[in-house]
>>> print(open('start.csv').read())   # CSV, C-alpha atoms
chain,number,residue,atom,x,y,z
A,22,MET,CA,0.0,0.0,0.0
A,23,ALA,CA,1.5,3.4,-1.0
A,24,GLU,CA,2.5,5.9,1.6
A,25,ARG,CA,-0.6,7.9,2.6
A,26,SER,CA,-1.2,10.6,5.3
A,27,THR,CA,-2.9,9.5,8.5
A,28,ILE,CA,-6.6,10.4,8.6
A,29,GLY,CA,-7.6,11.7,12.0
A,30,VAL,CA,-11.0,10.4,13.1
A,31,GLY,CA,-13.6,11.6,15.5
A,32,ILE,CA,-16.5,9.5,16.9
A,33,VAL,CA,-19.6,11.2,18.2
A,34,GLY,CA,-21.8,8.9,20.3
A,35,PHE,CA,-19.9,6.2,22.2
A,36,GLY,CA,-22.4,3.6,23.0
A,37,PHE,CA,-22.4,0.1,21.4
A,38,MET,CA,-22.1,1.4,17.8
A,39,GLY,CA,-19.5,4.0,18.6
A,40,ARG,CA,-17.4,1.4,20.2
A,41,THR,CA,-17.9,-0.9,17.2
A,42,HIS,CA,-16.6,1.9,14.9
A,43,LEU,CA,-13.6,2.4,17.3
A,44,ALA,CA,-12.7,-1.3,17.0
A,45,ALA,CA,-13.0,-1.2,13.2
A,46,TYR,CA,-10.8,1.9,12.9
A,47,GLN,CA,-8.2,0.4,15.2
A,48,ALA,CA,-8.2,-2.9,13.2
A,49,ALA,CA,-7.8,-1.0,10.0
A,50,ALA,CA,-4.8,0.9,11.4
A,51,ARG,CA,-3.2,-2.3,12.4
A,52,GLU,CA,-3.6,-3.7,8.9
A,53,GLY,CA,-2.2,-0.8,7.0
A,54,TRP,CA,-4.9,1.8,6.6
A,55,PRO,CA,-3.4,5.0,8.0
A,56,CYS,CA,-6.0,6.4,10.4
A,57,GLU,CA,-6.2,7.3,14.1
A,58,VAL,CA,-9.1,8.0,16.4
A,59,LEU,CA,-8.2,11.4,17.9
A,60,ALA,CA,-11.4,12.5,19.5
A,61,VAL,CA,-14.6,11.0,21.1
A,62,CYS,CA,-17.7,13.0,22.0
A,63,ASP,CA,-20.5,11.5,24.1
A,64,GLY,CA,-23.1,13.0,26.4
A,65,ASP,CA,-22.2,10.4,29.1
A,66,PRO,CA,-18.7,10.9,30.3
A,67,GLU,CA,-18.9,7.6,32.2
A,68,SER,CA,-19.2,5.8,28.9
A,69,VAL,CA,-15.7,6.8,27.8
A,70,ALA,CA,-14.2,6.7,31.3
A,71,GLN,CA,-15.1,3.0,31.6
A,72,VAL,CA,-13.4,2.2,28.4
A,73,ARG,CA,-10.3,4.0,29.3
A,74,GLN,CA,-10.1,2.2,32.6
A,75,CYS,CA,-11.2,-1.3,31.6
A,76,GLY,CA,-10.7,-1.6,27.9
A,77,GLU,CA,-13.5,-2.3,25.4
A,78,ALA,CA,-15.6,-5.1,26.8
A,79,GLY,CA,-15.8,-8.0,24.3
A,80,MET,CA,-13.7,-6.3,21.7
A,81,GLY,CA,-10.3,-6.0,23.2
A,82,HIS,CA,-9.9,-2.4,22.3
A,83,SER,CA,-9.3,0.6,24.5
A,84,LEU,CA,-8.8,4.4,24.3
A,85,ASP,CA,-5.4,5.9,24.9
A,86,SER,CA,-6.1,9.0,26.9
A,87,THR,CA,-2.8,10.5,25.9
A,88,ARG,CA,-3.8,10.4,22.2
A,89,THR,CA,-7.6,10.5,22.1
A,90,ARG,CA,-9.3,13.6,23.4
A,91,MET,CA,-12.7,13.3,25.2
A,92,CYS,CA,-14.7,16.3,23.9
A,93,GLU,CA,-17.3,17.9,26.0
A,94,ASN,CA,-19.4,18.9,23.0
A,95,PHE,CA,-19.5,18.4,19.3
A,96,ASP,CA,-18.2,21.9,18.4
A,97,GLU,CA,-15.0,21.1,20.3
A,98,MET,CA,-14.5,18.0,18.1
A,99,LEU,CA,-15.3,19.9,14.9
A,100,SER,CA,-12.8,22.7,15.8
A,101,ASN,CA,-9.9,20.1,15.8
A,102,ASP,CA,-8.2,20.6,12.4
A,103,ARG,CA,-6.5,17.2,12.7
A,104,VAL,CA,-9.9,15.4,12.7
A,105,LYS,CA,-10.7,14.9,9.0
A,106,LEU,CA,-13.4,12.2,9.3
A,107,VAL,CA,-16.3,12.0,11.7
A,108,SER,CA,-18.3,8.8,12.5
A,109,ILE,CA,-21.8,9.7,13.7
A,110,CYS,CA,-23.0,7.0,16.1
A,111,THR,CA,-25.7,8.9,18.1
A,112,TYR,CA,-29.4,8.3,18.3
A,113,THR,CA,-31.2,8.4,14.9
A,114,ASP,CA,-33.0,11.7,15.5
A,115,SER,CA,-29.7,13.6,15.7
A,116,HIS,CA,-28.0,12.0,12.7
A,117,VAL,CA,-28.9,14.6,10.0
A,118,ASP,CA,-28.2,17.7,12.0
A,119,LEU,CA,-24.9,16.4,13.2
A,120,ALA,CA,-23.8,15.3,9.8
A,121,ILE,CA,-24.7,18.7,8.2
A,122,ARG,CA,-22.7,20.4,10.9
A,123,ALA,CA,-19.7,18.2,10.3
A,124,LEU,CA,-19.9,18.8,6.5
A,125,GLN,CA,-20.1,22.5,7.1
A,126,ALA,CA,-16.9,22.2,9.2
A,127,GLY,CA,-15.1,20.6,6.3
A,128,LYS,CA,-15.2,17.0,7.7
A,129,HIS,CA,-15.9,13.8,5.8
A,130,VAL,CA,-18.7,11.8,7.4
A,131,LEU,CA,-19.8,8.3,8.1
A,132,VAL,CA,-23.3,8.4,9.4
A,133,GLU,CA,-24.9,5.3,11.0
A,134,LYS,CA,-28.1,3.8,9.7
A,135,PRO,CA,-30.8,4.6,9.6
A,136,VAL,CA,-29.8,8.1,8.4
A,137,ALA,CA,-33.3,9.3,9.4
A,138,LEU,CA,-36.8,7.9,9.7
A,139,ARG,CA,-38.3,10.3,7.2
A,140,SER,CA,-37.2,10.7,3.5
A,141,ASP,CA,-37.5,14.5,3.8
A,142,ASP,CA,-34.8,14.5,6.5
A,143,VAL,CA,-32.5,12.3,4.4
A,144,GLN,CA,-33.1,14.6,1.5
A,145,ARG,CA,-31.9,17.6,3.6
A,146,LEU,CA,-28.6,15.7,4.1
A,147,CYS,CA,-28.4,14.9,0.5
A,148,GLU,CA,-28.7,18.5,-0.4
A,149,ALA,CA,-26.1,19.6,2.2
A,150,THR,CA,-23.6,17.0,0.8
A,151,ALA,CA,-24.2,18.2,-2.7
A,152,ARG,CA,-23.1,21.7,-1.6
A,153,SER,CA,-20.0,20.3,0.0
A,154,ASP,CA,-16.7,18.9,-1.4
A,155,ARG,CA,-16.6,16.3,1.4
A,156,ARG,CA,-17.7,12.6,1.4
A,157,CYS,CA,-20.7,11.6,3.3
A,158,MET,CA,-21.5,7.9,3.4
A,159,PRO,CA,-24.3,6.0,5.1
A,160,ALA,CA,-23.1,3.0,7.1
A,161,MET,CA,-25.0,0.3,5.3
A,162,CYS,CA,-22.7,-2.4,6.5
A,163,MET,CA,-24.4,-5.4,4.8
A,164,ARG,CA,-23.2,-4.3,1.4
A,165,PHE,CA,-19.7,-5.0,2.8
A,166,TRP,CA,-20.4,-8.1,4.9
A,167,PRO,CA,-18.3,-11.1,3.9
A,168,GLY,CA,-20.5,-13.6,2.1
A,169,TRP,CA,-23.0,-10.8,1.3
A,170,ASP,CA,-20.6,-8.8,-0.8
A,171,TRP,CA,-19.9,-12.1,-2.7
A,172,LEU,CA,-23.7,-12.3,-3.5
A,173,ILE,CA,-23.7,-8.8,-4.9
A,174,GLY,CA,-20.8,-9.7,-7.1
A,175,CYS,CA,-22.5,-12.8,-8.4
A,176,ILE,CA,-25.7,-10.9,-9.2
A,177,THR,CA,-23.9,-8.0,-10.8
A,178,ALA,CA,-21.6,-10.3,-12.9
A,179,GLY,CA,-24.4,-12.7,-13.9
A,180,SER,CA,-22.0,-15.5,-13.3
A,181,LEU,CA,-24.7,-17.9,-12.1
A,182,GLY,CA,-27.4,-16.7,-14.5
A,183,PRO,CA,-30.4,-14.5,-13.6
A,184,VAL,CA,-31.9,-14.6,-10.2
A,185,ARG,CA,-35.2,-16.5,-10.0
A,186,ASN,CA,-36.2,-15.8,-6.4
A,187,ALA,CA,-34.7,-14.6,-3.2
A,188,ALA,CA,-35.5,-14.7,0.5
A,189,PHE,CA,-33.8,-12.8,3.3
A,190,THR,CA,-34.3,-13.3,7.1
A,191,ARG,CA,-33.0,-11.3,10.0
A,192,LEU,CA,-34.3,-12.1,13.5
A,193,GLY,CA,-33.1,-11.2,16.9
A,194,SER,CA,-34.1,-10.3,20.5
A,195,GLY,CA,-33.7,-6.6,20.1
A,196,PRO,CA,-30.9,-4.4,21.5
A,197,ILE,CA,-30.3,-4.7,25.2
A,198,TRP,CA,-28.5,-1.4,25.3
A,199,ALA,CA,-30.3,1.9,25.2
A,200,SER,CA,-33.6,0.0,25.5
A,201,ASP,CA,-35.6,3.1,26.2
A,202,PHE,CA,-34.6,4.6,22.9
A,203,TYR,CA,-35.1,1.4,20.8
A,204,ARG,CA,-38.5,0.6,22.3
A,205,ASP,CA,-39.7,4.1,21.5
A,206,VAL,CA,-40.8,3.5,17.9
A,207,SER,CA,-41.3,7.2,17.2
A,208,ARG,CA,-37.5,7.7,17.7
A,209,SER,CA,-35.9,4.4,16.6
A,210,GLY,CA,-38.4,3.2,14.0
A,211,GLY,CA,-38.5,-0.2,15.7
A,212,ALA,CA,-37.1,-3.3,14.1
A,213,MET,CA,-38.1,-2.2,10.7
A,214,PHE,CA,-35.6,0.7,10.7
A,215,ASP,CA,-33.0,-0.9,12.9
A,216,LEU,CA,-32.9,-4.5,11.6
A,217,HIS,CA,-35.1,-5.0,8.5
A,218,ILE,CA,-33.5,-2.0,6.8
A,219,HIS,CA,-30.4,-4.0,6.2
A,220,ASP,CA,-32.2,-6.5,3.9
A,221,ALA,CA,-34.3,-3.9,2.3
A,222,ASP,CA,-31.2,-2.0,1.4
A,223,PHE,CA,-29.5,-5.2,0.2
A,224,ILE,CA,-32.3,-5.9,-2.1
A,225,LEU,CA,-31.9,-2.4,-3.6
A,226,ALA,CA,-28.1,-3.1,-4.0
A,227,CYS,CA,-28.7,-6.4,-5.8
A,228,LEU,CA,-32.0,-6.0,-7.6
A,229,LYS,CA,-32.7,-2.3,-7.8
A,230,THR,CA,-35.9,-0.5,-6.8
A,231,PRO,CA,-39.1,-2.7,-6.8
A,232,ARG,CA,-42.3,-1.5,-8.4
A,233,ALA,CA,-44.4,-2.1,-5.2
A,234,VAL,CA,-44.3,-3.7,-1.8
A,235,SER,CA,-46.8,-5.7,0.2
A,236,SER,CA,-46.0,-6.0,3.9
A,237,THR,CA,-47.5,-7.8,6.9
A,238,GLY,CA,-46.8,-7.8,10.6
A,239,SER,CA,-45.7,-4.8,12.5
A,240,VAL,CA,-42.8,-2.4,12.8
A,241,ASN,CA,-41.2,-4.8,15.2
A,242,HIS,CA,-41.6,-7.9,13.0
A,243,VAL,CA,-42.3,-7.3,9.4
A,244,LYS,CA,-42.4,-9.5,6.3
A,245,THR,CA,-42.4,-7.9,2.9
A,246,LEU,CA,-42.9,-9.1,-0.6
A,247,TYR,CA,-41.1,-7.0,-3.3
A,248,LYS,CA,-42.7,-6.8,-6.7
A,249,PHE,CA,-40.6,-6.1,-9.7
A,250,SER,CA,-42.0,-5.2,-13.2
A,251,ASP,CA,-39.4,-7.3,-14.8
A,252,GLY,CA,-37.4,-9.4,-12.3
A,253,PRO,CA,-37.3,-12.3,-9.9
A,254,SER,CA,-40.4,-13.5,-8.0
A,255,PRO,CA,-40.9,-14.0,-5.2
A,256,VAL,CA,-38.5,-11.7,-3.4
A,257,SER,CA,-39.1,-11.4,0.3
A,258,ALA,CA,-37.4,-10.1,3.5
A,259,GLU,CA,-38.4,-10.8,7.1
A,260,GLY,CA,-37.0,-9.0,10.1
A,261,GLY,CA,-38.0,-8.7,13.7
A,262,TRP,CA,-37.2,-8.5,17.3
A,263,SER,CA,-39.2,-11.6,18.0
A,264,LEU,CA,-36.6,-14.0,19.6
A,265,PRO,CA,-36.3,-14.2,23.4
A,266,PRO,CA,-33.3,-12.6,25.2
A,267,GLY,CA,-30.2,-14.7,24.8
A,268,ALA,CA,-31.4,-16.5,21.6
A,269,GLU,CA,-28.9,-16.8,18.8
A,270,PHE,CA,-29.2,-14.1,16.2
A,271,ARG,CA,-30.4,-15.4,12.8
A,272,MET,CA,-29.2,-13.9,9.6
A,273,ARG,CA,-29.8,-15.8,6.4
A,274,TYR,CA,-30.4,-15.5,2.6
A,275,VAL,CA,-31.5,-18.1,0.1
A,276,VAL,CA,-31.1,-16.9,-3.5
A,277,GLU,CA,-32.0,-19.2,-6.4
A,278,PHE,CA,-30.2,-18.5,-9.6
A,279,GLU,CA,-30.7,-20.1,-13.0
A,280,GLU,CA,-27.6,-22.4,-12.4
A,281,ALA,CA,-27.3,-22.7,-8.6
A,282,THR,CA,-28.8,-21.7,-5.2
A,283,ALA,CA,-26.8,-19.6,-2.8
A,284,ASP,CA,-27.5,-20.3,0.9
A,285,PHE,CA,-26.0,-18.2,3.7
A,286,ASP,CA,-26.8,-19.0,7.3
A,287,LEU,CA,-24.9,-17.2,10.1
A,288,THR,CA,-25.7,-20.1,12.6
A,289,ARG,CA,-24.0,-22.7,10.4
A,290,ASN,CA,-20.3,-23.5,9.8
A,291,PRO,CA,-19.5,-23.0,7.0
A,292,PRO,CA,-22.1,-20.2,6.6
A,293,LEU,CA,-22.1,-20.0,2.8
A,294,LEU,CA,-22.9,-22.8,0.5
A,295,LEU,CA,-23.6,-22.9,-3.2
A,296,HIS,CA,-25.9,-25.7,-4.2
A,297,ARG,CA,-25.4,-26.9,-7.8
A,298,PRO,CA,-27.6,-29.6,-9.4
A,299,ASN,CA,-25.4,-32.5,-8.2
A,300,HIS,CA,-23.3,-31.2,-5.3
A,301,ALA,CA,-22.9,-28.3,-2.8
A,302,GLU,CA,-19.8,-26.1,-2.7
A,303,THR,CA,-18.4,-24.3,0.3
A,304,ILE,CA,-17.7,-20.7,-0.6
A,305,ALA,CA,-14.8,-19.3,1.4
A,306,ILE,CA,-15.5,-15.9,2.8
A,307,GLN,CA,-13.1,-13.2,4.1
A,308,PRO,CA,-12.6,-12.7,7.8
A,309,GLY,CA,-13.9,-9.6,9.5
A,310,THR,CA,-17.3,-7.8,9.4
A,311,GLY,CA,-19.2,-5.3,7.3
A,312,TYR,CA,-18.1,-2.6,9.7
A,313,ASP,CA,-14.5,-3.3,8.8
A,314,GLY,CA,-15.3,-3.2,5.1
A,315,GLU,CA,-17.3,0.0,5.1
A,316,ILE,CA,-14.7,1.9,7.1
A,317,ARG,CA,-11.8,0.8,5.0
A,318,HIS,CA,-13.7,1.6,1.9
A,319,LEU,CA,-14.5,5.1,3.1
A,320,LEU,CA,-10.9,5.6,4.2
A,321,ASP,CA,-9.8,4.7,0.7
A,322,CYS,CA,-12.3,7.1,-0.8
A,323,VAL,CA,-11.1,9.9,1.4
A,324,HIS,CA,-7.5,9.3,0.4
A,325,ASP,CA,-8.5,9.0,-3.3
A,326,PRO,CA,-11.3,11.4,-4.3
A,327,SER,CA,-11.5,9.8,-7.7
A,328,GLN,CA,-13.0,6.6,-6.1
A,329,PHE,CA,-16.7,6.2,-6.2
A,330,LEU,CA,-18.5,5.4,-2.9
A,331,ARG,CA,-20.1,1.9,-3.0
A,332,VAL,CA,-23.1,3.2,-1.0
A,333,THR,CA,-24.3,6.8,-1.3
A,334,LEU,CA,-26.8,9.1,0.4
A,335,ARG,CA,-29.1,8.6,-2.6
A,336,ASP,CA,-29.1,4.9,-1.6
A,337,ALA,CA,-30.0,5.9,1.9
A,338,LEU,CA,-32.8,8.1,0.5
A,339,GLN,CA,-34.1,5.2,-1.6
A,340,VAL,CA,-34.2,2.7,1.2
A,341,THR,CA,-36.1,5.3,3.4
A,342,LEU,CA,-38.6,5.7,0.6
A,343,LEU,CA,-38.9,1.9,0.4
A,344,LEU,CA,-39.5,1.6,4.1
A,345,GLU,CA,-42.1,4.4,4.0
A,346,ALA,CA,-44.0,2.3,1.3
A,347,GLU,CA,-43.7,-0.7,3.6
A,348,LEU,CA,-45.1,1.3,6.5
A,349,GLU,CA,-48.0,2.4,4.3
A,350,SER,CA,-48.7,-1.2,3.3
A,351,LEU,CA,-48.7,-2.3,6.9
A,352,ARG,CA,-51.2,0.5,7.7
A,353,THR,CA,-53.6,-0.2,4.8
A,354,GLY,CA,-53.1,-4.0,4.2
A,355,GLN,CA,-52.7,-3.2,0.5
A,356,PRO,CA,-49.7,-3.2,-1.9
A,357,VAL,CA,-48.1,0.2,-2.2
A,358,SER,CA,-46.1,1.6,-5.1
A,359,VAL,CA,-42.5,2.7,-4.3
A,360,ARG,CA,-41.3,6.2,-5.1
A,361,HIS,CA,-37.9,6.6,-6.8
A,362,ALA,CA,-35.3,8.8,-5.2
A,363,PRO,CA,-34.4,11.8,-7.4
A,364,THR,CA,-31.0,12.1,-8.9
A,365,ILE,CA,-28.7,14.1,-6.6
>>> encode(input="start.csv", output="structure tokens")
Amino acid sequence: MAERSTIGVGIVGFGFMGRTHLAAYQAAAREGWPCEVLAVCDGDPESVAQVRQCGEAGMGHSLDSTRTRMCENFDEMLSNDRVKLVSICTYTDSHVDLAIRALQAGKHVLVEKPVALRSDDVQRLCEATARSDRRCMPAMCMRFWPGWDWLIGCITAGSLGPVRNAAFTRLGSGPIWASDFYRDVSRSGGAMFDLHIHDADFILACLKTPRAVSSTGSVNHVKTLYKFSDGPSPVSAEGGWSLPPGAEFRMRYVVEFEEATADFDLTRNPPLLLHRPNHAETIAIQPGTGYDGEIRHLLDCVHDPSQFLRVTLRDALQVTLLLEAELESLRTGQPVSVRHAPTI
């Protein structure tokens, strides 16, 4: 890897996701991506103090207080000229305003999903980014997840023939951290915006925007059929916080191509199999997570402005429009047409 200047990073919001970003930046630095977390901003000083004292529980990462500054407020972080990239890991209802402030301060931005619960709010950030010369990327980690990025590649290349049908499943017990926020659907959007959004966005990445959706269930456990004018059928995604606490998280896809069927199951070892007519192949996947992949991709794009982002704010706007259609289908019990995001 060619010699590149170190990118100073700030993380705002240091709960579970902020610490996940910290681990990914530190892993990237160890493996040759020149970056360093220089500042952390969180409304709860105890959150950072515990990490400094005890290390990152379950991740093996800690903050070096001699190199990483704990900022009392966001403006203090933004005033640091060494911070070039800001990860926004706060509650959803603060994402857009914080991202716009970071862009206006000349920072690149990685903003956690969902960017917002309303397409109008995502559009505001799209417009602010268009006025800036900085990169702003939504953290849609499944596009980078090992075994899922392989699926995008197969569909894009057409190496297994066209897709005939596809089913995505994502079931968990719901976040045990910040439970007051996540159980307040008006702020978190429920499992639809926290969990199901990953598969909805992945369908957009693989198969483009469907013509209409038909959804059943609730915002905390939804199943949607995606209807394409000219494409595979059926295509479905189910996501919910329906498992009891302590149950193993379930993340799966089954995609039937003309020539084979791809089957990923997180609870299985090996997780990814490709079933051909007479045998099944084990598909090797890279180590790491989608958080590692998205952060390394953005670091590369910050170093090289000619590189295109693999996921954009227009993608975030489109998935929000898609989920708005699903919410309307839940409310009415009828299929709902999906609006297309405008070109930005």
>>> closest_residue(input="start.csv", among="A:Glu148, A:Glu302, A:Asp102, A:Glu67", to="Asp284 in chain A", atoms="all atoms listed in the file")
A:Glu302
>>> residues_around(input="start.csv", residues="Glu133 in chain A", least_positions_apart="5", cutoff="6 Å", atoms="all atoms listed in the file", output="list in words")
Cys110, Pro159 and Ala160 of chain A
>>> closest_residue(input="start.csv", among="A:Ala137, A:Met98, A:Ala281, A:Ile224", to="Gly179 in chain A", atoms="only C-alpha atoms")
A:Ala281
>>> residues_around(input="start.csv", residues="Thr27 in chain A", least_positions_apart="4", cutoff="7 Å", atoms="only C-alpha atoms", output="ChimeraX atom specification")
/A:55-57
>>> closest_residue(input="start.csv", among="A:Asn94, A:Gln144, A:Ser327, A:Gln307", to="Trp166 in chain A", atoms="all atoms listed in the file")
A:Gln307
>>> residues_around(input="start.csv", residues="Val234 in chain A", least_positions_apart="2", cutoff="9 Å", atoms="only C-alpha atoms", output="ChimeraX atom specification")
/A:231-232,236,245-248,343,346-347,350,355-359
>>> closest_residue(input="start.csv", among="A:Leu287, A:Ala151, A:Val240, A:Met158", to="Leu344 in chain A", atoms="all atoms listed in the file")
A:Val240
>>> atom_distance(input="start.csv", atom1="CA of Gly36 in chain A", atom2="CA of Arg335 in chain A")
26.9 Å
>>> residues_around(input="start.csv", residues="range 41-46 of chain A", least_positions_apart="6", cutoff="12 Å", atoms="all atoms listed in the file", output="PDB file with C-alpha atoms, keeping the file's coordinate frame")
ATOM      1  CA  THR A  27      -2.900   9.500   8.500  1.00  0.00           C
ATOM      2  CA  ILE A  28      -6.600  10.400   8.600  1.00  0.00           C
ATOM      3  CA  GLY A  29      -7.600  11.700  12.000  1.00  0.00           C
ATOM      4  CA  VAL A  30     -11.000  10.400  13.100  1.00  0.00           C
ATOM      5  CA  GLY A  31     -13.600  11.600  15.500  1.00  0.00           C
ATOM      6  CA  ILE A  32     -16.500   9.500  16.900  1.00  0.00           C
ATOM      7  CA  VAL A  33     -19.600  11.200  18.200  1.00  0.00           C
ATOM      8  CA  GLY A  34     -21.800   8.900  20.300  1.00  0.00           C
ATOM      9  CA  PHE A  35     -19.900   6.200  22.200  1.00  0.00           C
ATOM     10  CA  GLU A  52      -3.600  -3.700   8.900  1.00  0.00           C
ATOM     11  CA  GLY A  53      -2.200  -0.800   7.000  1.00  0.00           C
ATOM     12  CA  TRP A  54      -4.900   1.800   6.600  1.00  0.00           C
ATOM     13  CA  PRO A  55      -3.400   5.000   8.000  1.00  0.00           C
ATOM     14  CA  CYS A  56      -6.000   6.400  10.400  1.00  0.00           C
ATOM     15  CA  GLU A  57      -6.200   7.300  14.100  1.00  0.00           C
ATOM     16  CA  VAL A  58      -9.100   8.000  16.400  1.00  0.00           C
ATOM     17  CA  LEU A  59      -8.200  11.400  17.900  1.00  0.00           C
ATOM     18  CA  ALA A  60     -11.400  12.500  19.500  1.00  0.00           C
ATOM     19  CA  VAL A  61     -14.600  11.000  21.100  1.00  0.00           C
ATOM     20  CA  VAL A  69     -15.700   6.800  27.800  1.00  0.00           C
ATOM     21  CA  VAL A  72     -13.400   2.200  28.400  1.00  0.00           C
ATOM     22  CA  GLY A  76     -10.700  -1.600  27.900  1.00  0.00           C
ATOM     23  CA  GLU A  77     -13.500  -2.300  25.400  1.00  0.00           C
ATOM     24  CA  ALA A  78     -15.600  -5.100  26.800  1.00  0.00           C
ATOM     25  CA  GLY A  79     -15.800  -8.000  24.300  1.00  0.00           C
ATOM     26  CA  MET A  80     -13.700  -6.300  21.700  1.00  0.00           C
ATOM     27  CA  GLY A  81     -10.300  -6.000  23.200  1.00  0.00           C
ATOM     28  CA  HIS A  82      -9.900  -2.400  22.300  1.00  0.00           C
ATOM     29  CA  SER A  83      -9.300   0.600  24.500  1.00  0.00           C
ATOM     30  CA  LEU A  84      -8.800   4.400  24.300  1.00  0.00           C
ATOM     31  CA  ASP A  85      -5.400   5.900  24.900  1.00  0.00           C
ATOM     32  CA  THR A  89      -7.600  10.500  22.100  1.00  0.00           C
ATOM     33  CA  LEU A 106     -13.400  12.200   9.300  1.00  0.00           C
ATOM     34  CA  VAL A 107     -16.300  12.000  11.700  1.00  0.00           C
ATOM     35  CA  SER A 108     -18.300   8.800  12.500  1.00  0.00           C
ATOM     36  CA  ILE A 109     -21.800   9.700  13.700  1.00  0.00           C
ATOM     37  CA  CYS A 110     -23.000   7.000  16.100  1.00  0.00           C
ATOM     38  CA  THR A 111     -25.700   8.900  18.100  1.00  0.00           C
ATOM     39  CA  LEU A 131     -19.800   8.300   8.100  1.00  0.00           C
ATOM     40  CA  VAL A 132     -23.300   8.400   9.400  1.00  0.00           C
ATOM     41  CA  GLU A 133     -24.900   5.300  11.000  1.00  0.00           C
ATOM     42  CA  ALA A 160     -23.100   3.000   7.100  1.00  0.00           C
ATOM     43  CA  CYS A 162     -22.700  -2.400   6.500  1.00  0.00           C
ATOM     44  CA  GLY A 309     -13.900  -9.600   9.500  1.00  0.00           C
ATOM     45  CA  THR A 310     -17.300  -7.800   9.400  1.00  0.00           C
ATOM     46  CA  GLY A 311     -19.200  -5.300   7.300  1.00  0.00           C
ATOM     47  CA  TYR A 312     -18.100  -2.600   9.700  1.00  0.00           C
ATOM     48  CA  ASP A 313     -14.500  -3.300   8.800  1.00  0.00           C
ATOM     49  CA  GLY A 314     -15.300  -3.200   5.100  1.00  0.00           C
ATOM     50  CA  GLU A 315     -17.300   0.000   5.100  1.00  0.00           C
ATOM     51  CA  ILE A 316     -14.700   1.900   7.100  1.00  0.00           C
ATOM     52  CA  ARG A 317     -11.800   0.800   5.000  1.00  0.00           C
ATOM     53  CA  HIS A 318     -13.700   1.600   1.900  1.00  0.00           C
ATOM     54  CA  LEU A 319     -14.500   5.100   3.100  1.00  0.00           C
ATOM     55  CA  LEU A 320     -10.900   5.600   4.200  1.00  0.00           C
TER      56      LEU A 320
END
